[in-house]
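Colleague: What follows is start_4.txt, compact mmCIF, C-alpha atoms.
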# COMPACT_ATOMS: atom_id res chain seq x y z
CA MET V 1 34.18 0.75 24.74
CA LEU V 2 35.42 -2.59 23.43
CA GLY V 3 33.37 -4.36 26.08
CA ASP V 4 30.26 -2.41 25.03
CA LEU V 5 30.84 -3.39 21.42
CA ARG V 6 31.18 -7.06 22.37
CA ARG V 7 27.93 -6.87 24.35
CA ALA V 8 26.14 -5.28 21.40
CA VAL V 9 27.42 -8.01 19.08
CA GLU V 10 26.37 -10.75 21.49
CA LEU V 11 22.93 -9.22 21.99
CA LEU V 12 22.11 -8.62 18.33
CA THR V 13 23.80 -11.59 16.66
CA LEU V 14 24.71 -15.20 17.23
CA VAL V 15 28.45 -14.46 16.97
CA PRO V 16 30.05 -16.11 20.05
CA VAL V 17 32.00 -13.19 21.51
CA ARG V 18 31.48 -14.17 25.18
CA ALA V 19 30.87 -10.70 26.55
CA ASP V 20 30.53 -10.03 30.27
CA TRP V 21 27.31 -8.40 31.50
CA PRO V 22 27.65 -6.30 34.65
CA GLU V 23 24.83 -6.69 37.16
CA GLY V 24 22.99 -3.83 38.78
CA ARG V 25 23.70 -1.14 36.19
CA ARG V 26 22.75 -0.41 32.62
CA VAL V 27 25.11 -1.09 29.75
CA ARG V 28 26.00 1.62 27.25
CA ILE V 29 25.60 -0.41 24.08
CA ALA V 30 22.74 1.24 22.15
CA GLY V 31 25.09 3.49 20.20
CA TRP V 32 26.88 0.42 18.86
CA PHE V 33 23.75 -1.10 17.33
CA PRO V 34 24.18 0.69 13.94
CA LEU V 35 27.78 -0.53 13.69
CA VAL V 36 26.63 -4.09 14.25
CA GLY V 37 23.96 -3.47 11.61
CA LEU V 38 26.57 -2.16 9.19
CA SER V 39 28.58 -5.35 9.65
CA ILE V 40 25.50 -7.45 8.90
CA GLY V 41 24.79 -5.29 5.84
CA VAL V 42 28.33 -5.76 4.55
CA VAL V 43 28.09 -9.53 4.90
CA GLY V 44 24.68 -9.55 3.19
CA TRP V 45 26.16 -7.40 0.41
CA GLY V 46 28.93 -9.94 0.02
CA VAL V 47 26.44 -12.82 -0.13
CA MET V 48 24.57 -11.03 -2.91
CA HIS V 49 27.71 -10.51 -4.99
CA LEU V 50 28.86 -14.07 -4.36
CA LEU V 51 25.59 -15.45 -5.72
CA GLN V 52 25.71 -13.08 -8.67
CA SER V 53 29.28 -14.15 -9.43
CA VAL V 54 28.07 -17.71 -10.05
CA GLY V 55 25.46 -16.54 -12.53
CA TRP V 56 22.38 -15.75 -10.43
CA TYR V 57 20.85 -12.87 -12.39
CA GLY V 58 17.49 -11.86 -13.79
CA GLU V 59 14.73 -14.06 -12.43
CA ALA V 60 17.08 -15.30 -9.70
CA SER V 61 16.94 -11.85 -8.04
CA LEU V 62 14.01 -12.92 -5.88
CA VAL V 63 15.90 -16.04 -4.82
CA ILE V 64 18.91 -13.91 -3.83
CA ALA V 65 16.56 -11.58 -1.96
CA ALA V 66 15.08 -14.50 -0.05
CA VAL V 67 18.59 -15.70 0.84
CA ILE V 68 19.51 -12.23 2.14
CA VAL V 69 16.37 -12.02 4.28
CA ALA V 70 16.94 -15.55 5.59
CA PHE V 71 20.57 -14.74 6.39
CA SER V 72 19.54 -11.62 8.30
CA ALA V 73 17.00 -13.58 10.34
CA TRP V 74 19.55 -16.31 11.05
CA ILE V 75 22.47 -14.08 12.06
CA THR V 76 20.23 -12.07 14.41
CA ARG V 77 18.49 -15.15 15.86
CA SER V 78 15.19 -13.64 14.62
CA LEU V 79 15.43 -11.24 17.57
CA HIS V 80 13.66 -8.39 15.80
CA TYR V 81 11.03 -10.68 14.29
CA ASP V 82 10.16 -11.78 17.81
CA GLY V 83 9.65 -8.16 18.84
CA LEU V 84 7.53 -7.49 15.76
CA ALA V 85 5.29 -10.48 16.46
CA ASP V 86 4.83 -9.54 20.12
CA ILE V 87 4.00 -5.93 19.27
CA ALA V 88 1.53 -6.94 16.53
CA ASP V 89 -0.27 -9.38 18.83
CA ALA V 90 -0.38 -6.87 21.69
CA TRP V 91 -1.33 -3.88 19.48
CA TRP V 92 -4.51 -5.47 18.16
CA GLY V 93 -5.14 -8.05 20.85
CA GLY V 94 -5.09 -5.91 23.98
CA ASP V 95 -7.85 -3.47 24.95
CA THR V 96 -5.97 -2.04 27.92
CA LEU V 97 -2.33 -1.19 28.58
CA PRO V 98 -1.87 -3.92 31.23
CA ARG V 99 -3.37 -6.45 28.84
CA ARG V 100 -1.04 -5.36 26.02
CA HIS V 101 1.97 -5.77 28.31
CA GLU V 102 0.71 -9.19 29.34
CA ILE V 103 0.43 -10.27 25.70
CA MET V 104 3.95 -9.04 24.96
CA LYS V 105 5.33 -11.24 27.75
CA ASP V 106 3.61 -14.32 26.33
CA SER V 107 6.12 -16.46 24.40
CA SER V 108 3.47 -17.83 22.02
CA ILE V 109 2.65 -16.14 18.71
CA GLY V 110 -0.86 -15.24 17.63
CA ALA V 111 -2.57 -14.55 14.33
CA PHE V 112 -1.61 -10.87 14.28
CA GLY V 113 2.04 -11.64 14.96
CA ALA V 114 2.22 -14.36 12.33
CA THR V 115 0.54 -12.11 9.77
CA ALA V 116 2.92 -9.24 10.53
CA ILE V 117 5.98 -11.45 10.02
CA ALA V 118 4.60 -12.90 6.77
CA LEU V 119 3.83 -9.43 5.39
CA VAL V 120 7.23 -8.04 6.35
CA VAL V 121 9.09 -10.97 4.79
CA ALA V 122 7.04 -10.72 1.59
CA LEU V 123 7.59 -6.96 1.30
CA GLN V 124 11.30 -7.25 2.01
CA VAL V 125 11.92 -10.08 -0.45
CA THR V 126 10.06 -8.35 -3.29
CA SER V 127 11.67 -4.99 -2.56
CA ILE V 128 15.19 -6.39 -2.30
CA GLY V 129 14.60 -8.41 -5.47
CA SER V 130 13.64 -5.21 -7.29
CA ILE V 131 16.74 -3.42 -6.00
CA ILE V 132 19.03 -6.29 -7.01
CA GLY V 133 17.53 -6.33 -10.48
CA GLY V 134 18.18 -2.59 -10.94
CA LEU V 135 21.26 -0.51 -11.64
CA HIS V 136 21.88 0.78 -8.12
CA GLN V 137 22.28 -1.65 -5.23
CA ILE V 138 23.90 0.57 -2.60
CA PRO V 139 20.68 0.82 -0.51
CA LEU V 140 21.13 -2.86 0.41
CA LEU V 141 24.27 -1.82 2.26
CA LEU V 142 22.62 1.14 4.00
CA VAL V 143 19.23 -0.13 5.14
CA VAL V 144 20.43 -2.44 7.91
CA PRO V 145 22.56 0.10 9.85
CA LEU V 146 19.99 2.88 9.37
CA SER V 147 17.17 0.68 10.66
CA ARG V 148 19.20 -0.14 13.80
CA LEU V 149 19.23 3.56 14.59
CA SER V 150 15.59 3.14 15.63
CA SER V 151 16.57 1.00 18.61
CA THR V 152 19.44 3.40 19.37
CA PHE V 153 17.11 6.41 19.41
CA SER V 154 14.58 4.42 21.46
CA ALA V 155 17.23 3.83 24.11
CA TRP V 156 18.47 7.42 24.11
CA PHE V 157 15.24 9.39 23.88
CA GLY V 158 12.50 6.99 25.01
CA THR V 159 10.89 6.41 28.39
CA PRO V 160 10.88 2.87 29.79
CA ALA V 161 7.44 1.29 29.77
CA ARG V 162 8.22 -0.76 32.86
CA ASP V 163 10.97 -1.60 35.31
CA GLY V 164 13.31 -4.36 34.31
CA GLY V 165 13.50 -6.12 30.97
CA LEU V 166 15.92 -5.93 28.07
CA GLY V 167 14.82 -2.49 26.89
CA ARG V 168 15.28 -0.88 30.30
CA SER V 169 18.79 -2.30 30.68
CA VAL V 170 20.13 -0.38 27.65
CA MET V 171 18.18 2.87 28.02
CA GLY V 172 19.62 6.18 29.18
CA ARG V 173 21.81 9.07 28.13
CA PRO V 174 24.50 8.02 25.66
CA GLY V 175 28.16 7.98 26.49
CA MET V 176 30.84 9.51 24.29
CA GLY V 177 31.76 6.13 22.82
CA GLU V 178 28.15 5.54 21.77
CA LEU V 179 27.86 8.96 20.16
CA VAL V 180 31.07 8.46 18.20
CA ALA V 181 30.12 4.96 17.07
CA ALA V 182 26.61 5.91 15.92
CA GLY V 183 27.81 9.16 14.34
CA ALA V 184 30.55 7.36 12.42
CA VAL V 185 28.04 4.92 10.93
CA VAL V 186 25.75 7.78 9.87
CA VAL V 187 28.69 9.52 8.18
CA ILE V 188 29.71 6.31 6.42
CA CYS V 189 26.16 5.81 5.15
CA ALA V 190 25.90 9.42 3.98
CA VAL V 191 29.24 9.28 2.15
CA ALA V 192 28.46 5.92 0.53
CA GLY V 193 24.97 7.02 -0.48
CA GLY V 194 26.15 10.38 -1.77
CA LEU V 195 29.01 8.93 -3.81
CA ALA V 196 26.84 6.23 -5.35
CA LEU V 197 23.57 8.09 -5.88
CA GLY V 198 24.29 11.80 -5.41
CA ILE V 199 21.52 13.87 -3.84
CA TRP V 200 19.11 10.94 -3.87
CA GLY V 201 21.53 8.93 -1.76
CA LEU V 202 21.71 11.71 0.83
CA VAL V 203 17.93 11.99 0.81
CA PHE V 204 17.69 8.24 1.39
CA VAL V 205 19.94 8.46 4.45
CA ALA V 206 17.96 11.45 5.77
CA VAL V 207 14.69 9.54 5.33
CA GLY V 208 16.21 6.60 7.20
CA ILE V 209 17.26 8.79 10.13
CA ALA V 210 13.82 10.45 10.24
CA ALA V 211 12.04 7.08 10.17
CA ALA V 212 14.31 5.79 12.94
CA LEU V 213 13.26 8.74 15.08
CA VAL V 214 9.53 8.64 14.36
CA VAL V 215 8.61 4.94 14.17
CA PRO V 216 9.67 3.87 17.69
CA HIS V 217 7.98 6.95 19.15
CA VAL V 218 4.69 6.06 17.46
CA ILE V 219 4.87 2.44 18.60
CA ALA V 220 5.84 3.43 22.15
CA LEU V 221 2.72 5.62 22.46
CA ARG V 222 0.60 2.48 22.25
CA PHE V 223 2.51 0.73 25.04
CA GLY V 224 3.21 3.51 27.51
CA GLY V 225 6.91 3.66 26.70
CA VAL V 226 9.79 1.67 25.26
CA THR V 227 10.41 -2.05 25.77
CA GLY V 228 12.75 -4.49 24.07
CA ASP V 229 9.85 -5.56 21.86
CA VAL V 230 9.23 -1.95 20.85
CA MET V 231 12.88 -1.67 19.81
CA GLY V 232 12.78 -4.90 17.82
CA ALA V 233 9.53 -4.06 16.07
CA SER V 234 10.82 -0.58 15.23
CA VAL V 235 13.87 -2.08 13.53
CA MET V 236 11.71 -4.34 11.35
CA VAL V 237 9.25 -1.57 10.43
CA VAL V 238 11.96 0.93 9.54
CA GLU V 239 13.92 -1.71 7.62
CA THR V 240 10.86 -2.63 5.56
CA LEU V 241 9.91 0.99 4.89
CA LEU V 242 13.43 1.76 3.67
CA TYR V 243 13.53 -1.26 1.36
CA LEU V 244 10.21 -0.14 -0.13
CA PHE V 245 11.36 3.46 -0.44
CA ALA V 246 14.57 2.34 -2.15
CA ALA V 247 12.73 0.03 -4.56
CA PHE V 248 10.28 2.69 -5.67
CA GLY V 249 12.81 5.52 -5.64
CA LEU V 250 15.38 3.69 -7.73
CA GLU V 251 12.72 2.88 -10.31
CA LEU V 252 12.29 6.63 -10.80
CA LEU V 253 16.04 7.12 -11.22
CA GLN V 254 16.39 4.52 -13.98
Since I need it in another form, could you write the structure as structure tokens?

Modeller:
Amino acid sequence: MLGDLRRAVELLTLVPVRADWPEGRRVRIAGWFPLVGLSIGVVGWGVMHLLQSVGWYGEASLVIAAVIVAFSAWITRSLHYDGLADIADAWWGGDTLPRRHEIMKDSSIGAFGATAIALVVALQVTSIGSIIGGLHQIPLLLVVPLSRLSSTFSAWFGTPARDGGLGRSVMGRPGMGELVAAGAVVVICAVAGGLALGIWGLVFVAVGIAAALVVPHVIALRFGGVTGDVMGASVMVVETLLYLFAAFGLELLQ
């Protein structure tokens, strides 16, 4: 289990944990993705409070939001942004399934991919800025782990789009360690959301779980199954949807 956690950390972040990767068999790491996301969320939460402690309030909320988004992209090596760009280019640029797979394998970024990244960054920065400027900031701690559930569910319930590749290597039935790790993160999110926001906090977590189930399935339909790019794009889409949902929902609570 500790080895699986190290592999998940090495895959999803730039933290130098030096994990070993066994050849010829899949690795049971998908269930650890939400825990890695929770760690990233905690650090981002700390960055926000650090900047606020030195007087960054009011109009500086958007600046803090931009720092949080930049930190997330940096700590994850823009892994999920890469998946989003590939999926956007292939979704609108490929008329056939083989052509869409060919576009996804291309390392260059096209107009659709660049536009998708720009829109996601803009929506996240404005949404996070709105949340920071409000009374309740707990969603900033919950969005990152909940969005990583989309890649976990993709690995557990999805069908590989092709042999080989990053997505195929982590897909399959979960082990007990994965179930415990993912379940523990869901419980932590539910308790934190419920204590901070009551029923609305529980609803927020439920919406996050539902989105994590639905979004990768919808994307996978376009590509004949799950790939690593599908997982990465799903994370970014769910993350953005949850930031938007939190921003609008918290406005109603205030």

Colleague: Write out as JSON, numbers by chain the residues lying within 7 Å of region 16-22 of chain V, counting only C-alpha atoms and excluding same-chain residues fewer than 6 positions away.

Modeller: {"V": [3, 6, 7, 10]}

Colleague: Which distance in Å separates CA of Ala73 (chain V) and CA of Val120 (chain V), to one decimal?

Modeller: 11.9 Å

Colleague: Hey, can you check how far CA of Ser151 (chain V) sits from CA of Val235 (chain V)?

Modeller: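 Computing it gives 6.5 Å between the two atoms.
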
Colleague: List the spatial neighbours of region 130-145 of chain V as a PyMOL selection string - criterion: any atom at most 8 Å away, only C-alpha atoms, same-chain residues fewer than 6 positions off excluded.

Modeller: chain V and resi 33-38+40-42+44-45+57-58+61-62+65+185+189+192-193+196-197+205+208+239+242-243+246-247+250-251+254

Colleague: Nearest to Ile103 (chain V): which of V:Leu79, V:Val170, V:Ser72, V:Phe223 is it, counting only C-alpha atoms?

Modeller: V:Phe223

Colleague: Write out as a list in words the residues lying within 10 Å of Ile29 (chain V), counting all atoms listed in the file and excluding same-chain residues fewer than 5 positions away.

Modeller: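 These residues fall inside the cut-off: Met1, Gly3, Asp4, Leu5, Arg6, Arg7, Ala8, Val9, Leu11, Thr152, Ala155, Ser169, Val170, Met171, Pro174, Gly175, Gly177, Glu178 and Ala181 of chain V.
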
Colleague: Give the answer as one residue: which of V:Val203, V:Val47, V:Val238, V:Leu244 has the shortest atom-to-atom distance to Ala70 (chain V), using all atoms listed in the file?

Modeller: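 For Ala70 (chain V), the nearest of the given residues is V:Val47.
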
Colleague: Compare V:Val180, V:Ala30, V:Ile209, V:Ile117 by their minimum atom-to-atom distance to His80 (chain V), counting all atoms listed in the file, and give me the closest one.

Modeller: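 Looking only at the distances to His80 (chain V), the closest residue turns out to be V:Ile117.
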
Colleague: Between V:Ser154, V:Val214, V:Val63, V:Gly55, which one has atoms that come closest to Ile128 (chain V), using only C-alpha atoms?

Modeller: V:Val63

Colleague: Any idea what the distance is between CA of Gly83 (chain V) and CA of Val121 (chain V)?

Modeller: 14.3 Å

Colleague: From the set V:Val125, V:Leu14, V:Gly225, V:Trp32, which residue has the shortest atom-to-atom contact distance to Ile75 (chain V), counting all atoms listed in the file?

Modeller: V:Leu14

Colleague: I need the residue nearest Thr227 (chain V) from this list: V:Gly198, V:Leu179, V:Ile87, V:Leu119. Use only C-alpha atoms for the distance.

Modeller: V:Ile87

Colleague: For Val237 (chain V), list every protein, DNA or RNA residue within 9 Å, evaluated using all atoms listed in the file, and leave out those in the same chain fewer than 3 positions away; present the list as a list of chain:residue names.

Modeller: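 That gives V:Leu84, V:Val120, V:Ser147, V:Val215, V:Gly232, V:Ala233, V:Ser234, V:Thr240, V:Leu241, V:Leu242.
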
Colleague: Can you pull region 81-113 of chain V out of that block with N, CA and C atoms and hand it back as a PDB file, in the first residue's frame?

Modeller:
ATOM      1  N   TYR V  81      -3.856  19.513 -17.353  1.00  0.00           N
ATOM      2  CA  TYR V  81      -4.034  20.483 -18.438  1.00  0.00           C
ATOM      3  C   TYR V  81      -3.652  19.859 -19.775  1.00  0.00           C
ATOM      4  N   ASP V  82      -2.625  19.041 -19.762  1.00  0.00           N
ATOM      5  CA  ASP V  82      -2.202  18.359 -20.983  1.00  0.00           C
ATOM      6  C   ASP V  82      -3.318  17.443 -21.491  1.00  0.00           C
ATOM      7  N   GLY V  83      -3.934  16.702 -20.572  1.00  0.00           N
ATOM      8  CA  GLY V  83      -5.048  15.845 -20.960  1.00  0.00           C
ATOM      9  C   GLY V  83      -6.225  16.637 -21.494  1.00  0.00           C
ATOM     10  N   LEU V  84      -6.528  17.767 -20.851  1.00  0.00           N
ATOM     11  CA  LEU V  84      -7.617  18.615 -21.309  1.00  0.00           C
ATOM     12  C   LEU V  84      -7.365  19.130 -22.717  1.00  0.00           C
ATOM     13  N   ALA V  85      -6.154  19.595 -22.977  1.00  0.00           N
ATOM     14  CA  ALA V  85      -5.820  20.122 -24.301  1.00  0.00           C
ATOM     15  C   ALA V  85      -5.922  19.033 -25.364  1.00  0.00           C
ATOM     16  N   ASP V  86      -5.412  17.848 -25.061  1.00  0.00           N
ATOM     17  CA  ASP V  86      -5.464  16.753 -26.033  1.00  0.00           C
ATOM     18  C   ASP V  86      -6.903  16.352 -26.334  1.00  0.00           C
ATOM     19  N   ILE V  87      -7.722  16.280 -25.300  1.00  0.00           N
ATOM     20  CA  ILE V  87      -9.120  15.889 -25.490  1.00  0.00           C
ATOM     21  C   ILE V  87      -9.871  16.949 -26.282  1.00  0.00           C
ATOM     22  N   ALA V  88      -9.635  18.228 -25.977  1.00  0.00           N
ATOM     23  CA  ALA V  88     -10.318  19.301 -26.701  1.00  0.00           C
ATOM     24  C   ALA V  88      -9.937  19.296 -28.179  1.00  0.00           C
ATOM     25  N   ASP V  89      -8.663  19.156 -28.472  1.00  0.00           N
ATOM     26  CA  ASP V  89      -8.211  19.103 -29.868  1.00  0.00           C
ATOM     27  C   ASP V  89      -8.814  17.906 -30.592  1.00  0.00           C
ATOM     28  N   ALA V  90      -8.805  16.742 -29.924  1.00  0.00           N
ATOM     29  CA  ALA V  90      -9.299  15.526 -30.568  1.00  0.00           C
ATOM     30  C   ALA V  90     -10.828  15.534 -30.684  1.00  0.00           C
ATOM     31  N   TRP V  91     -11.512  16.096 -29.691  1.00  0.00           N
ATOM     32  CA  TRP V  91     -12.987  16.112 -29.695  1.00  0.00           C
ATOM     33  C   TRP V  91     -13.518  16.842 -30.923  1.00  0.00           C
ATOM     34  N   TRP V  92     -12.972  18.027 -31.181  1.00  0.00           N
ATOM     35  CA  TRP V  92     -13.483  18.839 -32.279  1.00  0.00           C
ATOM     36  C   TRP V  92     -12.651  18.733 -33.560  1.00  0.00           C
ATOM     37  N   GLY V  93     -11.490  18.138 -33.458  1.00  0.00           N
ATOM     38  CA  GLY V  93     -10.627  18.073 -34.626  1.00  0.00           C
ATOM     39  C   GLY V  93     -10.633  16.752 -35.354  1.00  0.00           C
ATOM     40  N   GLY V  94     -11.252  15.726 -34.767  1.00  0.00           N
ATOM     41  CA  GLY V  94     -11.242  14.412 -35.391  1.00  0.00           C
ATOM     42  C   GLY V  94     -12.624  13.966 -35.820  1.00  0.00           C
ATOM     43  N   ASP V  95     -12.781  13.588 -37.085  1.00  0.00           N
ATOM     44  CA  ASP V  95     -14.074  13.134 -37.596  1.00  0.00           C
ATOM     45  C   ASP V  95     -14.319  11.658 -37.318  1.00  0.00           C
ATOM     46  N   THR V  96     -13.265  10.893 -37.152  1.00  0.00           N
ATOM     47  CA  THR V  96     -13.392   9.466 -36.888  1.00  0.00           C
ATOM     48  C   THR V  96     -12.649   9.112 -35.607  1.00  0.00           C
ATOM     49  N   LEU V  97     -12.979   7.951 -35.050  1.00  0.00           N
ATOM     50  CA  LEU V  97     -12.329   7.528 -33.807  1.00  0.00           C
ATOM     51  C   LEU V  97     -10.824   7.344 -33.979  1.00  0.00           C
ATOM     52  N   PRO V  98     -10.358   6.680 -35.043  1.00  0.00           N
ATOM     53  CA  PRO V  98      -8.896   6.573 -35.224  1.00  0.00           C
ATOM     54  C   PRO V  98      -8.219   7.935 -35.327  1.00  0.00           C
ATOM     55  N   ARG V  99      -8.886   8.880 -35.993  1.00  0.00           N
ATOM     56  CA  ARG V  99      -8.297  10.210 -36.130  1.00  0.00           C
ATOM     57  C   ARG V  99      -8.239  10.913 -34.778  1.00  0.00           C
ATOM     58  N   ARG V 100      -9.259  10.742 -33.943  1.00  0.00           N
ATOM     59  CA  ARG V 100      -9.250  11.369 -32.624  1.00  0.00           C
ATOM     60  C   ARG V 100      -8.136  10.792 -31.761  1.00  0.00           C
ATOM     61  N   HIS V 101      -7.913   9.497 -31.853  1.00  0.00           N
ATOM     62  CA  HIS V 101      -6.813   8.883 -31.103  1.00  0.00           C
ATOM     63  C   HIS V 101      -5.462   9.371 -31.617  1.00  0.00           C
ATOM     64  N   GLU V 102      -5.374   9.562 -32.918  1.00  0.00           N
ATOM     65  CA  GLU V 102      -4.129  10.069 -33.491  1.00  0.00           C
ATOM     66  C   GLU V 102      -3.829  11.473 -32.996  1.00  0.00           C
ATOM     67  N   ILE V 103      -4.851  12.312 -32.917  1.00  0.00           N
ATOM     68  CA  ILE V 103      -4.666  13.685 -32.436  1.00  0.00           C
ATOM     69  C   ILE V 103      -4.241  13.680 -30.967  1.00  0.00           C
ATOM     70  N   MET V 104      -4.833  12.797 -30.169  1.00  0.00           N
ATOM     71  CA  MET V 104      -4.481  12.741 -28.759  1.00  0.00           C
ATOM     72  C   MET V 104      -3.009  12.384 -28.549  1.00  0.00           C
ATOM     73  N   LYS V 105      -2.464  11.569 -29.439  1.00  0.00           N
ATOM     74  CA  LYS V 105      -1.060  11.163 -29.308  1.00  0.00           C
ATOM     75  C   LYS V 105      -0.098  12.250 -29.744  1.00  0.00           C
ATOM     76  N   ASP V 106      -0.593  13.247 -30.476  1.00  0.00           N
ATOM     77  CA  ASP V 106       0.259  14.333 -30.962  1.00  0.00           C
ATOM     78  C   ASP V 106       0.640  15.239 -29.792  1.00  0.00           C
ATOM     79  N   SER V 107       1.924  15.506 -29.627  1.00  0.00           N
ATOM     80  CA  SER V 107       2.391  16.314 -28.490  1.00  0.00           C
ATOM     81  C   SER V 107       2.119  17.809 -28.661  1.00  0.00           C
ATOM     82  N   SER V 108       1.804  18.249 -29.881  1.00  0.00           N
ATOM     83  CA  SER V 108       1.545  19.674 -30.103  1.00  0.00           C
ATOM     84  C   SER V 108       0.135  20.031 -29.658  1.00  0.00           C
ATOM     85  N   ILE V 109      -0.099  21.310 -29.413  1.00  0.00           N
ATOM     86  CA  ILE V 109      -1.405  21.785 -28.970  1.00  0.00           C
ATOM     87  C   ILE V 109      -2.029  22.634 -30.067  1.00  0.00           C
ATOM     88  N   GLY V 110      -3.317  22.424 -30.295  1.00  0.00           N
ATOM     89  CA  GLY V 110      -4.025  23.159 -31.325  1.00  0.00           C
ATOM     90  C   GLY V 110      -4.888  24.261 -30.750  1.00  0.00           C
ATOM     91  N   ALA V 111      -5.681  24.880 -31.636  1.00  0.00           N
ATOM     92  CA  ALA V 111      -6.517  26.005 -31.218  1.00  0.00           C
ATOM     93  C   ALA V 111      -7.558  25.583 -30.187  1.00  0.00           C
ATOM     94  N   PHE V 112      -8.173  24.410 -30.379  1.00  0.00           N
ATOM     95  CA  PHE V 112      -9.190  23.953 -29.439  1.00  0.00           C
ATOM     96  C   PHE V 112      -8.591  23.689 -28.059  1.00  0.00           C
ATOM     97  N   GLY V 113      -7.417  23.075 -28.027  1.00  0.00           N
ATOM     98  CA  GLY V 113      -6.768  22.800 -26.757  1.00  0.00           C
ATOM     99  C   GLY V 113      -6.364  24.066 -26.023  1.00  0.00           C
TER     100      GLY V 113
END
